[in-house]
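One structure is given here, and the rest of the page talks about it.
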Amino acid sequence: MQYLNGKVYHAAGGFLGQLLEEVPDHTRVDGDLVSRWTSSEPGSVYWTRNVWEKPFLLEFDSISQAAKALKAIQRNWAACPTRLYRRVALIEEALPGISAKARAFPFVIPAAPMGAFTLLDEHLLLGSAECSSKFPNGELSFIEDKGGPPSRAYLKLWEALELAGRMPCPGECCLDAGASPGGWTWVLSNLGAKVISIDRAPLDPAIATRANVSYMSHDAFTLKPEDIGPVDWLFSDVICYPPALLAWIEKWLESGLAKNFICTIKMQGEHFDKATTDRLASIPDSRVVHLWHNKHELTWMRLARS
Ligand SMILES: C[S@@+](CC[C@H](N)C(=O)[O-])C[C@H]1O[C@@H](n2cnc3c(N)ncnc32)[C@H](O)[C@@H]1O
């Protein structure tokens, strides 16, 4: 087994082109896997569903030999075939099964590492025991609620809260900007938090009339933090140019009135606003990710130090 310098980036669904622009000095591309095998630091990379943190090459003779070598490292491995599909499936079948079933929110993210592997040729496996996502190939599916939430946007908030590893508690105060029709407000109110929902468009009446929800028909960005007061959580799913979101976040950070932040950075059309995304990512204690449930958008989150 030969460990490689660098990483393998698994492109977020439909964003291979974007990822290739972020990793222009890649070593090779296999399907949606972009390898950069060099020890120099890469620039910022956002458009991934999973990152293989410690890639290695493994030469092997037989299916059972490959599976045995992987099992000797750890239990969990996700197959990520880009060629030789049958052979990859045979190795996968010789490994312990991993669950791909939909999960009920909330759940505890398993602590066990989830590796990933693919075949570069019949006798050469590329793998990594350490990956950025605890889910096979970064894929996370929830048992959906078809009746309660008025939009499907609730899925990305569920995912963001799972990733955050903490969530609003009963009695905590949340500001939900760009709340209409109310998917995120539905999630937050179900958790027992008090929710101030702001949007120029109305909330679904079934959400707006909940006892722990108050709705303001307003432009979220023209309200000053002092007009709202202290909040435990600040959420935004507002459709806007990224610089407008950044300016609003900066105002809230300056005010010191919000503890935790989860905000969607919506890209306009085909354009990726890398400069603003980099500025958001550089805010201390924060990170930018592409969630499994994100589309042409990224998620910025900053959690209070616990
Ligand atoms: C993607 S939708 C939000 C979906 C919502 N999070 C949900 O779960 O149902 C974006 C919302 O941003 C709102 N919006 C756009 N600009 C806004 C602004 N300046 N202030 C408040 N809301 C805004 C739109 O009216 C729209 O309802």
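In the structure tokens, chains take letters A, B, ... by order of appearance, with residues numbered from 1 within each chain and ligands from 1 in the order shown.
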field: DSSP-assigned strand (DSSP E) among stretch 168-230 of chain A, expressed as a ChimeraX atom specification
entry: /A:173-177,194-198,213-216
Filtering to all heavy atoms, could you give me those residues as an mmCIF file, in the first residue's frame?
```cif
data_model
loop_
_atom_site.group_PDB
_atom_site.id
_atom_site.type_symbol
_atom_site.label_atom_id
_atom_site.label_comp_id
_atom_site.auth_asym_id
_atom_site.auth_seq_id
_atom_site.Cartn_x
_atom_site.Cartn_y
_atom_site.Cartn_z
ATOM 1 N N CYS A 173 -34.137 31.394 21.145
ATOM 2 C CA CYS A 173 -34.762 32.282 20.170
ATOM 3 C C CYS A 173 -34.034 32.182 18.824
ATOM 4 O O CYS A 173 -32.801 32.300 18.765
ATOM 5 C CB CYS A 173 -34.722 33.717 20.697
ATOM 6 S SG CYS A 173 -35.504 34.857 19.556
ATOM 7 N N CYS A 174 -34.790 31.967 17.749
ATOM 8 C CA CYS A 174 -34.219 31.852 16.401
ATOM 9 C C CYS A 174 -34.785 32.946 15.513
ATOM 10 O O CYS A 174 -35.990 33.216 15.545
ATOM 11 C CB CYS A 174 -34.625 30.531 15.755
ATOM 12 S SG CYS A 174 -34.143 29.076 16.661
ATOM 13 N N LEU A 175 -33.914 33.527 14.705
ATOM 14 C CA LEU A 175 -34.378 34.436 13.655
ATOM 15 C C LEU A 175 -34.265 33.681 12.338
ATOM 16 O O LEU A 175 -33.185 33.179 11.997
ATOM 17 C CB LEU A 175 -33.495 35.685 13.626
ATOM 18 C CG LEU A 175 -33.792 36.668 12.493
ATOM 19 C CD1 LEU A 175 -35.172 37.261 12.665
ATOM 20 C CD2 LEU A 175 -32.757 37.783 12.481
ATOM 21 N N ASP A 176 -35.365 33.567 11.609
ATOM 22 C CA ASP A 176 -35.374 32.860 10.330
ATOM 23 C C ASP A 176 -35.649 33.883 9.233
ATOM 24 O O ASP A 176 -36.789 34.332 9.061
ATOM 25 C CB ASP A 176 -36.452 31.760 10.355
ATOM 26 C CG ASP A 176 -36.490 30.937 9.064
ATOM 27 O OD1 ASP A 176 -35.565 31.068 8.248
ATOM 28 O OD2 ASP A 176 -37.456 30.167 8.893
ATOM 29 N N ALA A 177 -34.603 34.286 8.519
ATOM 30 C CA ALA A 177 -34.747 35.304 7.469
ATOM 31 C C ALA A 177 -34.978 34.618 6.121
ATOM 32 O O ALA A 177 -34.292 33.639 5.802
ATOM 33 C CB ALA A 177 -33.491 36.165 7.409
ATOM 34 N N LYS A 194 -38.368 29.422 20.017
ATOM 35 C CA LYS A 194 -39.213 30.553 19.604
ATOM 36 C C LYS A 194 -38.649 31.036 18.270
ATOM 37 O O LYS A 194 -37.428 31.213 18.143
ATOM 38 C CB LYS A 194 -39.106 31.697 20.625
ATOM 39 C CG LYS A 194 -39.854 31.397 21.915
ATOM 40 C CD LYS A 194 -39.811 32.584 22.851
ATOM 41 C CE LYS A 194 -38.507 32.558 23.643
ATOM 42 N NZ LYS A 194 -38.292 33.622 24.575
ATOM 43 N N VAL A 195 -39.504 31.274 17.295
ATOM 44 C CA VAL A 195 -39.008 31.639 15.974
ATOM 45 C C VAL A 195 -39.580 32.985 15.537
ATOM 46 O O VAL A 195 -40.797 33.188 15.584
ATOM 47 C CB VAL A 195 -39.384 30.579 14.898
ATOM 48 C CG1 VAL A 195 -38.587 30.807 13.629
ATOM 49 C CG2 VAL A 195 -39.198 29.165 15.420
ATOM 50 N N ILE A 196 -38.671 33.887 15.149
ATOM 51 C CA ILE A 196 -39.092 35.137 14.511
ATOM 52 C C ILE A 196 -38.836 34.932 13.018
ATOM 53 O O ILE A 196 -37.686 34.789 12.593
ATOM 54 C CB ILE A 196 -38.257 36.332 15.026
ATOM 55 C CG1 ILE A 196 -38.363 36.447 16.546
ATOM 56 C CG2 ILE A 196 -38.704 37.624 14.345
ATOM 57 C CD1 ILE A 196 -37.298 37.356 17.156
ATOM 58 N N SER A 197 -39.902 34.863 12.244
ATOM 59 C CA SER A 197 -39.773 34.563 10.816
ATOM 60 C C SER A 197 -39.971 35.846 10.023
ATOM 61 O O SER A 197 -40.995 36.513 10.173
ATOM 62 C CB SER A 197 -40.830 33.547 10.392
ATOM 63 O OG SER A 197 -40.768 32.420 11.231
ATOM 64 N N ILE A 198 -38.977 36.163 9.184
ATOM 65 C CA ILE A 198 -39.059 37.406 8.412
ATOM 66 C C ILE A 198 -39.042 37.096 6.920
ATOM 67 O O ILE A 198 -38.172 36.346 6.436
ATOM 68 C CB ILE A 198 -37.871 38.342 8.737
ATOM 69 C CG1 ILE A 198 -37.761 38.560 10.244
ATOM 70 C CG2 ILE A 198 -38.020 39.678 8.017
ATOM 71 C CD1 ILE A 198 -36.585 39.413 10.656
ATOM 72 N N VAL A 213 -44.275 30.862 16.940
ATOM 73 C CA VAL A 213 -43.814 31.528 15.709
ATOM 74 C C VAL A 213 -44.379 32.941 15.651
ATOM 75 O O VAL A 213 -45.581 33.144 15.836
ATOM 76 C CB VAL A 213 -44.274 30.738 14.453
ATOM 77 C CG1 VAL A 213 -43.951 31.501 13.173
ATOM 78 C CG2 VAL A 213 -43.629 29.350 14.431
ATOM 79 N N SER A 214 -43.507 33.936 15.433
ATOM 80 C CA SER A 214 -44.043 35.271 15.129
ATOM 81 C C SER A 214 -43.476 35.707 13.775
ATOM 82 O O SER A 214 -42.282 35.513 13.495
ATOM 83 C CB SER A 214 -43.729 36.283 16.230
ATOM 84 O OG SER A 214 -42.366 36.267 16.512
ATOM 85 N N TYR A 215 -44.329 36.246 12.956
ATOM 86 C CA TYR A 215 -43.981 36.565 11.572
ATOM 87 C C TYR A 215 -43.892 38.075 11.391
ATOM 88 O O TYR A 215 -44.739 38.821 11.877
ATOM 89 C CB TYR A 215 -45.046 35.978 10.639
ATOM 90 C CG TYR A 215 -44.957 36.499 9.225
ATOM 91 C CD1 TYR A 215 -43.917 36.122 8.375
ATOM 92 C CD2 TYR A 215 -45.927 37.371 8.726
ATOM 93 C CE1 TYR A 215 -43.843 36.619 7.079
ATOM 94 C CE2 TYR A 215 -45.856 37.861 7.427
ATOM 95 C CZ TYR A 215 -44.808 37.482 6.610
ATOM 96 O OH TYR A 215 -44.725 37.974 5.334
ATOM 97 N N MET A 216 -42.832 38.521 10.703
ATOM 98 C CA MET A 216 -42.707 39.937 10.345
ATOM 99 C C MET A 216 -42.640 40.043 8.834
ATOM 100 O O MET A 216 -41.761 39.419 8.216
ATOM 101 C CB MET A 216 -41.417 40.539 10.918
ATOM 102 C CG MET A 216 -41.404 40.648 12.428
ATOM 103 S SD MET A 216 -39.752 41.121 12.994
ATOM 104 C CE MET A 216 -39.786 42.871 12.649
#
```
Under the rule of at most 6 Å, produce a per-residue listing of chain A near ligand 1: chain, number, name, the closest pair of atoms, and the distance in Å, as JSON lines, using only C-alpha atoms and all ligand atoms.
```
{"residue": "A:Ser151", "atom": "CA", "partner": "ligand 1", "partner_atom_place_in_ligand_line": "9 (O)", "distance": 4.9}
{"residue": "A:Ala153", "atom": "CA", "partner": "ligand 1", "partner_atom_place_in_ligand_line": "8 (O)", "distance": 4.4}
{"residue": "A:Tyr154", "atom": "CA", "partner": "ligand 1", "partner_atom_place_in_ligand_line": "8 (O)", "distance": 5.3}
{"residue": "A:Ala177", "atom": "CA", "partner": "ligand 1", "partner_atom_place_in_ligand_line": "21 (C)", "distance": 5.6}
{"residue": "A:Gly178", "atom": "CA", "partner": "ligand 1", "partner_atom_place_in_ligand_line": "12 (O)", "distance": 3.6}
{"residue": "A:Ala179", "atom": "CA", "partner": "ligand 1", "partner_atom_place_in_ligand_line": "5 (C)", "distance": 4.4}
{"residue": "A:Ser180", "atom": "CA", "partner": "ligand 1", "partner_atom_place_in_ligand_line": "27 (O)", "distance": 4.1}
{"residue": "A:Pro181", "atom": "CA", "partner": "ligand 1", "partner_atom_place_in_ligand_line": "9 (O)", "distance": 4.2}
{"residue": "A:Gly182", "atom": "CA", "partner": "ligand 1", "partner_atom_place_in_ligand_line": "9 (O)", "distance": 3.9}
{"residue": "A:Gly183", "atom": "CA", "partner": "ligand 1", "partner_atom_place_in_ligand_line": "8 (O)", "distance": 3.2}
{"residue": "A:Trp184", "atom": "CA", "partner": "ligand 1", "partner_atom_place_in_ligand_line": "8 (O)", "distance": 4.0}
{"residue": "A:Ile198", "atom": "CA", "partner": "ligand 1", "partner_atom_place_in_ligand_line": "21 (C)", "distance": 5.7}
{"residue": "A:Asp199", "atom": "CA", "partner": "ligand 1", "partner_atom_place_in_ligand_line": "22 (N)", "distance": 3.8}
{"residue": "A:Arg200", "atom": "CA", "partner": "ligand 1", "partner_atom_place_in_ligand_line": "22 (N)", "distance": 5.4}
{"residue": "A:Ala201", "atom": "CA", "partner": "ligand 1", "partner_atom_place_in_ligand_line": "25 (O)", "distance": 4.9}
{"residue": "A:Asp219", "atom": "CA", "partner": "ligand 1", "partner_atom_place_in_ligand_line": "20 (N)", "distance": 3.6}
{"residue": "A:Ala220", "atom": "CA", "partner": "ligand 1", "partner_atom_place_in_ligand_line": "20 (N)", "distance": 3.8}
{"residue": "A:Phe221", "atom": "CA", "partner": "ligand 1", "partner_atom_place_in_ligand_line": "19 (N)", "distance": 5.4}
{"residue": "A:Asp237", "atom": "CA", "partner": "ligand 1", "partner_atom_place_in_ligand_line": "6 (N)", "distance": 4.8}
{"residue": "A:Val238", "atom": "CA", "partner": "ligand 1", "partner_atom_place_in_ligand_line": "12 (O)", "distance": 3.7}
{"residue": "A:Ile239", "atom": "CA", "partner": "ligand 1", "partner_atom_place_in_ligand_line": "15 (C)", "distance": 4.7}
{"residue": "A:Cys240", "atom": "CA", "partner": "ligand 1", "partner_atom_place_in_ligand_line": "16 (N)", "distance": 5.9}
```
Writer output for current selection, C-alpha atoms, as a tab-separated table (two decimals), in the first residue's frame:
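Result saved to selection-v4.tsv:
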```
chain	number	residue	atom	x	y	z
A	151	SER	CA	-41.52	23.36	1.23
A	153	ALA	CA	-36.13	23.34	2.06
A	154	TYR	CA	-36.49	21.75	5.52
A	177	ALA	CA	-34.75	35.30	7.47
A	178	GLY	CA	-36.28	34.50	4.08
A	179	ALA	CA	-38.66	32.19	5.89
A	180	SER	CA	-41.54	31.88	3.40
A	181	PRO	CA	-43.31	29.52	2.91
A	182	GLY	CA	-42.00	28.15	6.22
A	183	GLY	CA	-39.98	24.93	5.88
A	184	TRP	CA	-37.15	26.14	8.12
A	198	ILE	CA	-39.06	37.41	8.41
A	199	ASP	CA	-40.02	37.54	4.77
A	200	ARG	CA	-41.87	39.89	2.48
A	201	ALA	CA	-43.86	36.87	1.29
A	219	ASP	CA	-37.02	43.08	4.16
A	220	ALA	CA	-34.73	41.15	6.54
A	221	PHE	CA	-31.67	43.17	5.46
A	237	ASP	CA	-32.25	31.17	3.35
A	238	VAL	CA	-32.83	34.52	1.63
A	239	ILE	CA	-32.45	34.55	-2.15
A	240	CYS	CA	-29.97	37.39	-2.66
```
Per-residue nearest contacts of stretch 118-198 of chain A to stretch 82-96 of chain A (12 Å; only C-alpha atoms) as a tab-separated table:
```
residue	atom	partner	partner_atom	distance
A:Thr118	CA	A:Val88	CA	6.9
A:Leu119	CA	A:Val88	CA	6.7
A:Leu120	CA	A:Arg83	CA	7.6
A:Asp121	CA	A:Leu84	CA	7.5
A:Glu122	CA	A:Leu84	CA	7.2
A:His123	CA	A:Arg87	CA	9.9
A:Leu124	CA	A:Val88	CA	11.0
A:Leu125	CA	A:Val88	CA	9.3
A:Leu126	CA	A:Thr82	CA	11.1
A:Gly127	CA	A:Val88	CA	11.9
```
Please write the residues from the selection above to a file, keeping C-alpha atoms, as an mmCIF file, in the first residue's frame.
```cif
data_model
loop_
_atom_site.group_PDB
_atom_site.id
_atom_site.type_symbol
_atom_site.label_atom_id
_atom_site.label_comp_id
_atom_site.auth_asym_id
_atom_site.auth_seq_id
_atom_site.Cartn_x
_atom_site.Cartn_y
_atom_site.Cartn_z
ATOM 1 C CA THR A 118 -12.579 2.984 -6.348
ATOM 2 C CA LEU A 119 -10.617 1.020 -8.947
ATOM 3 C CA LEU A 120 -8.155 2.729 -11.262
ATOM 4 C CA ASP A 121 -7.510 -0.499 -13.142
ATOM 5 C CA GLU A 122 -8.189 -4.195 -12.674
ATOM 6 C CA HIS A 123 -5.453 -4.583 -10.079
ATOM 7 C CA LEU A 124 -5.109 -1.077 -8.654
ATOM 8 C CA LEU A 125 -7.382 0.329 -5.973
ATOM 9 C CA LEU A 126 -7.514 3.972 -4.861
ATOM 10 C CA GLY A 127 -8.961 4.413 -1.382
#
```
message: As an exercise, work out the distance from atom CA of A:Glu53 to atom CA of A:Lys156 in Å and give it to one decimal place.
response: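 Between atom CA of A:Glu53 and atom CA of A:Lys156 the gap is 24.2 Å.
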